[in-house]
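Trainee: You'll find target.cif just under this line, and it carries mmCIF, C-alpha atoms.
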data_model
#
loop_
_atom_site.label_atom_id
_atom_site.label_comp_id
_atom_site.auth_asym_id
_atom_site.auth_seq_id
_atom_site.Cartn_x
_atom_site.Cartn_y
_atom_site.Cartn_z
CA MET A 1 -160.61 -2.49 13.26
CA THR A 2 -158.12 -2.45 16.14
CA LEU A 3 -157.65 -5.66 18.10
CA ASP A 4 -157.70 -4.06 21.57
CA HIS A 5 -159.03 -7.08 23.48
CA ILE A 6 -156.91 -9.55 21.48
CA ASN A 7 -153.74 -7.54 22.07
CA LYS A 8 -154.44 -7.44 25.81
CA ILE A 9 -154.86 -11.22 25.88
CA ARG A 10 -151.75 -11.70 23.75
CA GLY A 11 -149.82 -9.45 26.14
CA ASN A 12 -151.01 -11.52 29.10
CA PHE A 13 -149.62 -14.61 27.39
CA GLU A 14 -146.25 -12.91 27.03
CA ILE A 15 -146.26 -12.11 30.76
CA TYR A 16 -146.72 -15.82 31.53
CA ALA A 17 -144.24 -16.94 28.85
CA ALA A 18 -141.54 -17.56 31.47
CA LYS A 19 -143.77 -20.24 32.98
CA LYS A 20 -144.70 -21.52 29.51
CA ALA A 21 -148.30 -21.14 30.70
CA ASP A 22 -149.43 -20.36 27.17
CA ASN A 23 -148.04 -23.67 25.87
CA ILE A 24 -149.52 -25.56 28.81
CA LEU A 25 -152.94 -24.03 28.15
CA GLU A 26 -152.69 -24.79 24.43
CA GLY A 27 -151.66 -28.36 25.24
CA SER A 28 -154.61 -28.74 27.58
CA TYR A 29 -156.93 -27.33 24.95
CA HIS A 30 -155.62 -29.70 22.26
CA SER A 31 -155.75 -32.78 24.48
CA VAL A 32 -159.28 -32.05 25.72
CA PHE A 33 -160.97 -30.85 22.57
CA LYS A 34 -158.89 -32.47 19.82
CA GLY A 35 -161.01 -34.04 17.10
CA ARG A 36 -160.10 -37.46 15.69
CA SER A 37 -160.61 -38.72 12.16
CA LEU A 38 -158.77 -40.77 9.54
CA ASN A 39 -158.08 -37.65 7.49
CA PHE A 40 -154.47 -36.73 8.25
CA ASP A 41 -153.70 -33.07 7.61
CA ASP A 42 -150.20 -32.06 8.70
CA LEU A 43 -147.67 -32.04 11.53
CA ARG A 44 -147.13 -29.49 14.27
CA GLU A 45 -144.81 -29.19 17.27
CA TYR A 46 -145.71 -31.16 20.39
CA VAL A 47 -147.04 -29.14 23.34
CA PRO A 48 -147.55 -30.49 26.89
CA GLY A 49 -150.90 -32.23 27.14
CA ASP A 50 -150.89 -33.74 23.64
CA ASN A 51 -151.60 -37.47 23.36
CA ILE A 52 -148.28 -39.30 22.93
CA LYS A 53 -150.04 -41.68 20.53
CA ASP A 54 -150.17 -38.81 18.03
CA ILE A 55 -146.38 -38.32 17.98
CA ASP A 56 -144.85 -39.07 14.58
CA TRP A 57 -141.56 -40.59 15.73
CA LYS A 58 -139.98 -40.84 12.26
CA ALA A 59 -140.75 -37.22 11.40
CA SER A 60 -139.62 -36.15 14.89
CA SER A 61 -136.30 -37.94 14.39
CA ARG A 62 -135.70 -36.19 11.08
CA ALA A 63 -136.67 -32.78 12.48
CA ARG A 64 -134.89 -33.38 15.80
CA ASN A 65 -138.00 -32.03 17.50
CA LEU A 66 -141.17 -33.73 18.73
CA LEU A 67 -143.93 -33.49 16.13
CA VAL A 68 -147.54 -34.69 16.42
CA LYS A 69 -149.99 -35.60 13.70
CA ARG A 70 -152.88 -33.21 13.20
CA PHE A 71 -156.13 -34.37 11.70
CA ILE A 72 -158.70 -32.44 9.68
CA ALA A 73 -161.30 -32.80 12.41
CA GLU A 74 -159.00 -31.09 14.91
CA LYS A 75 -159.45 -27.77 13.12
CA LYS A 76 -163.21 -27.76 12.96
CA HIS A 77 -164.55 -27.39 16.47
CA ASN A 78 -167.43 -25.00 17.03
CA ILE A 79 -166.73 -23.06 20.22
CA VAL A 80 -169.63 -21.05 21.66
CA LEU A 81 -168.99 -18.45 24.35
CA VAL A 82 -171.91 -17.81 26.71
CA THR A 83 -171.74 -15.14 29.40
CA ASP A 84 -173.83 -12.95 31.64
CA THR A 85 -174.23 -9.31 30.70
CA GLY A 86 -175.95 -6.36 32.35
CA ARG A 87 -175.32 -4.06 35.26
CA LYS A 88 -174.37 -6.78 37.76
CA MET A 89 -171.17 -7.51 35.80
CA SER A 90 -169.96 -4.02 36.78
CA ALA A 91 -169.91 -5.18 40.40
CA HIS A 92 -166.71 -6.42 42.02
CA SER A 93 -165.19 -9.84 42.61
CA THR A 94 -163.74 -11.09 45.89
CA ASP A 95 -160.45 -9.40 44.94
CA LEU A 96 -162.36 -6.14 44.26
CA GLU A 97 -161.85 -6.23 40.48
CA LYS A 98 -164.74 -5.64 38.10
CA LYS A 99 -166.44 -8.95 37.29
CA LYS A 100 -166.81 -7.96 33.65
CA ASP A 101 -163.03 -7.51 33.26
CA ILE A 102 -162.38 -10.98 34.67
CA ALA A 103 -165.16 -12.52 32.55
CA LEU A 104 -163.88 -10.91 29.34
CA GLN A 105 -160.33 -12.03 30.09
CA ALA A 106 -161.47 -15.64 30.68
CA ILE A 107 -163.73 -15.75 27.62
CA GLY A 108 -161.15 -14.00 25.48
CA THR A 109 -158.32 -16.32 26.52
CA LEU A 110 -160.21 -19.48 25.59
CA GLY A 111 -161.50 -17.83 22.42
CA TYR A 112 -157.94 -16.77 21.55
CA ILE A 113 -156.64 -20.34 21.92
CA ALA A 114 -159.52 -21.62 19.78
CA ALA A 115 -158.88 -19.00 17.09
CA LYS A 116 -155.15 -19.86 17.06
CA ASN A 117 -156.13 -23.50 16.58
CA GLY A 118 -158.23 -22.58 13.52
CA ASP A 119 -161.52 -23.40 15.25
CA ASN A 120 -164.80 -21.56 14.74
CA VAL A 121 -165.84 -19.23 17.59
CA GLY A 122 -169.34 -17.87 18.19
CA ALA A 123 -171.27 -16.39 21.11
CA PHE A 124 -174.66 -16.02 22.79
CA TYR A 125 -175.51 -13.31 25.34
CA ASN A 126 -178.18 -10.76 26.17
CA ASP A 127 -178.19 -7.28 24.66
CA GLY A 128 -180.94 -5.55 26.62
CA GLU A 129 -184.15 -7.40 25.78
CA LEU A 130 -182.58 -8.93 22.66
CA LEU A 131 -180.63 -12.17 22.44
CA GLN A 132 -177.35 -11.53 20.65
CA HIS A 133 -176.03 -14.39 18.52
CA TYR A 134 -172.68 -14.41 16.74
CA GLN A 135 -172.36 -17.24 14.22
CA THR A 136 -169.32 -19.49 14.66
CA LYS A 137 -166.49 -18.21 12.45
CA GLN A 138 -162.73 -18.35 12.30
CA GLY A 139 -160.29 -15.54 12.94
CA PHE A 140 -159.22 -12.96 15.49
CA TYR A 141 -161.33 -10.16 14.00
CA ASN A 142 -164.47 -12.21 14.63
CA LEU A 143 -163.40 -12.78 18.26
CA GLU A 144 -162.57 -9.08 18.70
CA ARG A 145 -166.07 -8.12 17.53
CA ILE A 146 -167.60 -10.56 20.02
CA LEU A 147 -165.52 -9.27 22.95
CA THR A 148 -166.12 -5.61 22.07
CA ASP A 149 -169.88 -6.12 21.93
CA MET A 150 -169.90 -8.20 25.12
CA ASP A 151 -168.02 -5.40 26.86
CA ARG A 152 -170.68 -2.91 25.77
CA CYS A 153 -173.56 -5.16 26.86
CA MET A 154 -172.03 -5.67 30.30
CA GLU A 155 -172.63 -1.99 30.98
CA THR A 156 -176.38 -2.11 30.25
CA LYS A 157 -179.21 -2.51 32.79
CA THR A 158 -180.72 -5.65 31.24
CA PRO A 159 -182.68 -7.79 33.72
CA TYR A 160 -182.02 -11.02 31.80
CA GLY A 161 -179.59 -13.70 32.93
CA ILE A 162 -177.60 -16.49 31.40
CA GLU A 163 -180.46 -18.99 31.23
CA ARG A 164 -182.07 -17.51 28.11
CA PRO A 165 -179.02 -18.05 25.82
CA LEU A 166 -178.66 -21.63 27.09
CA GLU A 167 -182.32 -22.41 26.49
CA TYR A 168 -182.04 -21.02 22.95
CA ILE A 169 -179.03 -23.24 22.20
CA LEU A 170 -180.89 -26.28 23.55
CA LYS A 171 -183.99 -25.65 21.43
CA ASN A 172 -182.39 -24.48 18.20
CA ILE A 173 -178.90 -25.93 17.70
CA SER A 174 -178.41 -29.64 17.09
CA ARG A 175 -174.80 -29.78 15.82
CA ARG A 176 -172.25 -30.55 18.51
CA LEU A 177 -170.73 -27.52 20.25
CA ILE A 178 -168.13 -26.83 22.89
CA ILE A 179 -170.00 -24.44 25.22
CA ILE A 180 -167.92 -22.25 27.51
CA ILE A 181 -170.06 -20.62 30.21
CA VAL A 182 -168.71 -17.68 32.21
CA SER A 183 -170.92 -16.14 34.91
CA ASP A 184 -171.06 -15.24 38.59
CA ILE A 185 -172.60 -17.19 41.47
CA GLU A 186 -176.11 -15.90 40.71
CA GLY A 187 -175.83 -16.82 37.03
CA MET A 188 -174.57 -20.34 37.76
CA ALA A 189 -177.30 -20.87 40.36
CA ARG A 190 -180.00 -19.85 37.87
CA ILE A 191 -179.03 -22.45 35.25
CA ASP A 192 -181.89 -24.95 35.23
CA ASP A 193 -180.81 -28.49 36.13
CA SER A 194 -182.83 -30.10 33.34
CA VAL A 195 -181.51 -27.62 30.75
CA LEU A 196 -177.92 -28.31 31.82
CA LYS A 197 -178.51 -32.06 31.68
CA GLN A 198 -179.86 -31.91 28.12
CA LEU A 199 -177.04 -29.61 27.01
CA CYS A 200 -174.43 -32.02 28.36
CA VAL A 201 -175.97 -34.93 26.41
CA ARG A 202 -175.61 -33.00 23.16
CA HIS A 203 -172.61 -30.77 23.76
CA ASP A 204 -169.31 -30.38 25.65
CA VAL A 205 -169.83 -27.93 28.54
CA VAL A 206 -167.28 -26.23 30.84
CA CYS A 207 -167.88 -23.38 33.33
CA ALA A 208 -165.82 -20.58 34.86
CA GLN A 209 -167.43 -18.77 37.79
CA VAL A 210 -166.37 -15.22 38.62
CA SER A 211 -166.48 -14.65 42.38
CA ASP A 212 -168.58 -11.98 44.08
CA ALA A 213 -167.36 -9.39 46.57
CA ASN A 214 -168.82 -9.58 50.05
CA TYR A 215 -171.94 -7.50 50.60
CA ILE A 216 -170.90 -7.05 54.20
CA GLY A 217 -167.53 -5.52 55.11
CA GLY A 218 -165.56 -2.56 53.76
CA ASN A 219 -167.54 0.07 51.87
CA PRO A 220 -169.60 -1.94 49.35
CA TYR A 221 -171.56 -0.33 46.53
CA GLU A 222 -174.80 -1.99 45.43
CA VAL A 223 -174.87 -1.62 41.61
CA ASN A 224 -178.57 -2.41 41.15
CA GLY A 225 -179.69 0.05 43.81
CA GLU A 226 -176.99 2.53 42.77
CA SER A 227 -176.09 3.32 46.37
CA TYR A 228 -173.59 2.39 49.06
CA VAL A 229 -174.58 -0.15 51.68
CA PRO A 230 -175.31 1.70 54.98
CA PRO A 231 -172.41 1.40 57.48
CA TYR A 232 -174.60 -0.17 60.17
CA ILE A 233 -175.25 -3.05 57.75
CA ALA A 234 -171.87 -3.17 56.01
CA HIS A 235 -169.94 -3.59 59.27
CA ASN A 236 -172.26 -5.97 61.10
CA LYS A 237 -170.17 -9.05 62.00
CA LYS A 238 -173.23 -11.22 62.56
CA LEU A 239 -174.52 -10.41 59.08
CA LEU A 240 -171.06 -11.16 57.63
CA LYS A 241 -171.17 -14.70 59.08
CA MET A 242 -174.67 -15.17 57.71
CA GLU A 243 -173.55 -13.95 54.28
CA GLN A 244 -170.59 -16.34 54.20
CA LYS A 245 -172.85 -19.26 55.12
CA LEU A 246 -175.34 -18.34 52.39
CA LYS A 247 -172.50 -18.11 49.85
CA ASN A 248 -171.05 -21.45 50.88
CA ASP A 249 -174.45 -23.14 50.76
CA ARG A 250 -175.16 -21.70 47.32
CA ASN A 251 -171.77 -22.74 45.98
CA ASP A 252 -172.32 -26.25 47.36
CA GLU A 253 -175.64 -26.48 45.50
CA ILE A 254 -174.00 -25.28 42.27
CA GLU A 255 -171.18 -27.81 42.65
CA LYS A 256 -173.67 -30.64 43.25
CA LYS A 257 -175.60 -29.62 40.13
CA PHE A 258 -172.42 -29.64 38.08
CA LEU A 259 -171.34 -33.02 39.48
CA ARG A 260 -174.73 -34.56 38.64
CA ASN A 261 -174.27 -33.49 35.04
CA GLY A 262 -170.54 -34.14 34.66
CA VAL A 263 -169.61 -30.46 34.31
CA VAL A 264 -166.29 -29.19 35.68
CA SER A 265 -165.88 -25.59 36.85
CA VAL A 266 -163.42 -23.23 38.50
CA GLN A 267 -163.82 -20.01 40.44
CA ILE A 268 -161.81 -16.96 39.33
CA ASP A 269 -161.18 -14.02 41.68
CA SER A 270 -158.96 -11.75 39.56
CA GLU A 271 -157.57 -11.20 36.06
CA GLN A 272 -154.17 -12.34 37.29
CA ASP A 273 -155.66 -15.76 38.16
CA VAL A 274 -157.29 -16.32 34.76
CA THR A 275 -154.53 -18.27 32.96
CA GLU A 276 -153.77 -20.65 35.81
CA LYS A 277 -157.46 -21.22 36.56
CA LEU A 278 -158.17 -22.02 32.91
CA ILE A 279 -155.30 -24.51 32.86
CA GLU A 280 -156.88 -26.13 35.94
CA LEU A 281 -160.27 -26.13 34.20
CA MET A 282 -158.92 -27.82 31.06
CA GLU A 283 -156.94 -30.40 33.03
CA ARG A 284 -159.96 -31.28 35.21
CA HIS A 285 -162.17 -31.56 32.15
CA LYS A 286 -159.60 -33.80 30.44
CA TYR A 287 -159.53 -36.10 33.47
CA ALA A 288 -163.36 -36.14 33.75
CA SER A 289 -163.82 -36.96 30.06
CA ARG A 290 -161.61 -40.04 30.41
CA HIS A 291 -163.40 -41.48 33.46
#
If you convert what's in this file into structure tokens, what do you get?
Mentor:
Amino acid sequence: MTLDHINKIRGNFEIYAAKKADNILEGSYHSVFKGRSLNFDDLREYVPGDNIKDIDWKASSRARNLLVKRFIAEKKHNIVLVTDTGRKMSAHSTDLEKKKDIALQAIGTLGYIAAKNGDNVGAFYNDGELLQHYQTKQGFYNLERILTDMDRCMETKTPYGIERPLEYILKNISRRLIIIIVSDIEGMARIDDSVLKQLCVRHDVVCAQVSDANYIGGNPYEVNGESYVPPYIAHNKKLLKMEQKLKNDRNDEIEKKFLRNGVVSVQIDSEQDVTEKLIELMERHKYASRH
């Protein structure tokens, strides 16, 4: 099995290596989702974002490099990736990139960091009328299978949204999970407030929202109707203002819902923005979890 998606993500990390964005993201991941127990396991190099209380100063002095203690619990998170699939993910973002490409890059990046950390990664998403469930497992091959199948399902015409996987998790999984939700504005708006509230009581939830291209302006293609928007509609300035207001109002409602339930989120417009936006997401979640 070739690791096409993993290699793309790994290559993106190399592009950002000059900024040390990969280390920053790993540090954010460790500091946000690090498990604590009395069962010491080993030492690893310090990365920005680690808790300074975990630094082993004696070992660091001997090694002449900062080392932090790692505990058994740190390796055993269960990360669940939840995303929208279906035809709408073939539509474009604000930066006119396919939403599915941005979503897969975001999901894959966080899954890649989790796999590097030795955590278990699983997934829930719709495959036509079926609910696809990948059990949480370790390793890059498991993550590659998830991303490959997600990619396939994002090309289907399924009418189902992101709410069904979340409702299944709520009703059927009791062990604590870290749930990473990636969807567009419609998907985030459709998440039921009461479902989100109950999920946040039981699990750790973070969200990344992929932006939507404007329906008005340019030469937009409507993926569900499989046709271009007529010019007299696409270039109507009055309709453009109305669309922007509707988008802003909807985003405000989503943000209020997330605030009520203590969920942090970011909006991603392009694949190039993924790494920096995920760093922002982890840092915001770290701050929220401490206050």
Trainee: Can you check which parts of region 171-281 of chain A lie within 12 Å of region 111-128 of chain A? Per residue, the shortest pair of atoms and distance in Å to one decimal, counting all atoms listed in the file, sorted by chain and number, as CSV.
Mentor:
residue,atom,partner,partner_atom,distance
A:Ile173,CA,A:Phe124,CA,11.9
A:Leu177,CA,A:Gly122,CA,10.0
A:Ile178,CA,A:Val121,CA,9.5
A:Ile179,CA,A:Ala123,CA,9.1
A:Ile180,CA,A:Ala123,CA,9.3
A:Ile181,CA,A:Phe124,CA,9.9
A:Val182,CA,A:Tyr125,CA,10.6
A:Ser183,CA,A:Tyr125,CA,11.0
A:Thr275,CA,A:Ile113,CA,11.4
A:Leu278,CA,A:Ile113,CA,11.2
A:Ile279,CA,A:Ile113,CA,11.8
Trainee: Determine the residue set returned by the PyMOL selection byres ((chain A and resi 210) around 7) for the present structure, and present it as a ChimeraX atom specification.
Mentor: /A:93,99,103,183-184,208-209,211-212,267-269
Trainee: Have a look at CA of Ile191 (chain A) and CA of Glu163 (chain A) and let me know their distance in Å, one decimal.
Mentor: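 Taking CA of Ile191 (chain A) as the start and CA of Glu163 (chain A) as the end point, the length is 5.5 Å.
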Trainee: So which one's closest to Gly11 (chain A), A:Thr109, A:Lys98, A:Ile146, A:Lys256? Using all atoms listed in the file, please.
Mentor: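 Nearest to Gly11 (chain A): A:Thr109.
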Trainee: Since I can't run it myself right now, could you work out what the PyMOL selection byres ((chain A and resi 203) around 12) selects here and report it as a PyMOL selection string?
Mentor: chain A and resi 33+77-80+166+169-170+173-180+195-202+204-206+261-263
Trainee: Could you list, as a PyMOL selection string, every residue within 9 Å of Leu281 (chain A), counting only C-alpha atoms and ignoring same-chain residues fewer than 5 positions away?
Mentor: chain A and resi 206-208+264-266+276+286
Trainee: For each of A:Ile52, A:Ile102, A:Met188, A:Met89, take the minimum atom-to-atom distance to Cys153 (chain A), counting all atoms listed in the file, then give the residue where this is smallest.
Mentor: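 For Cys153 (chain A), the nearest of the given residues is A:Met89.
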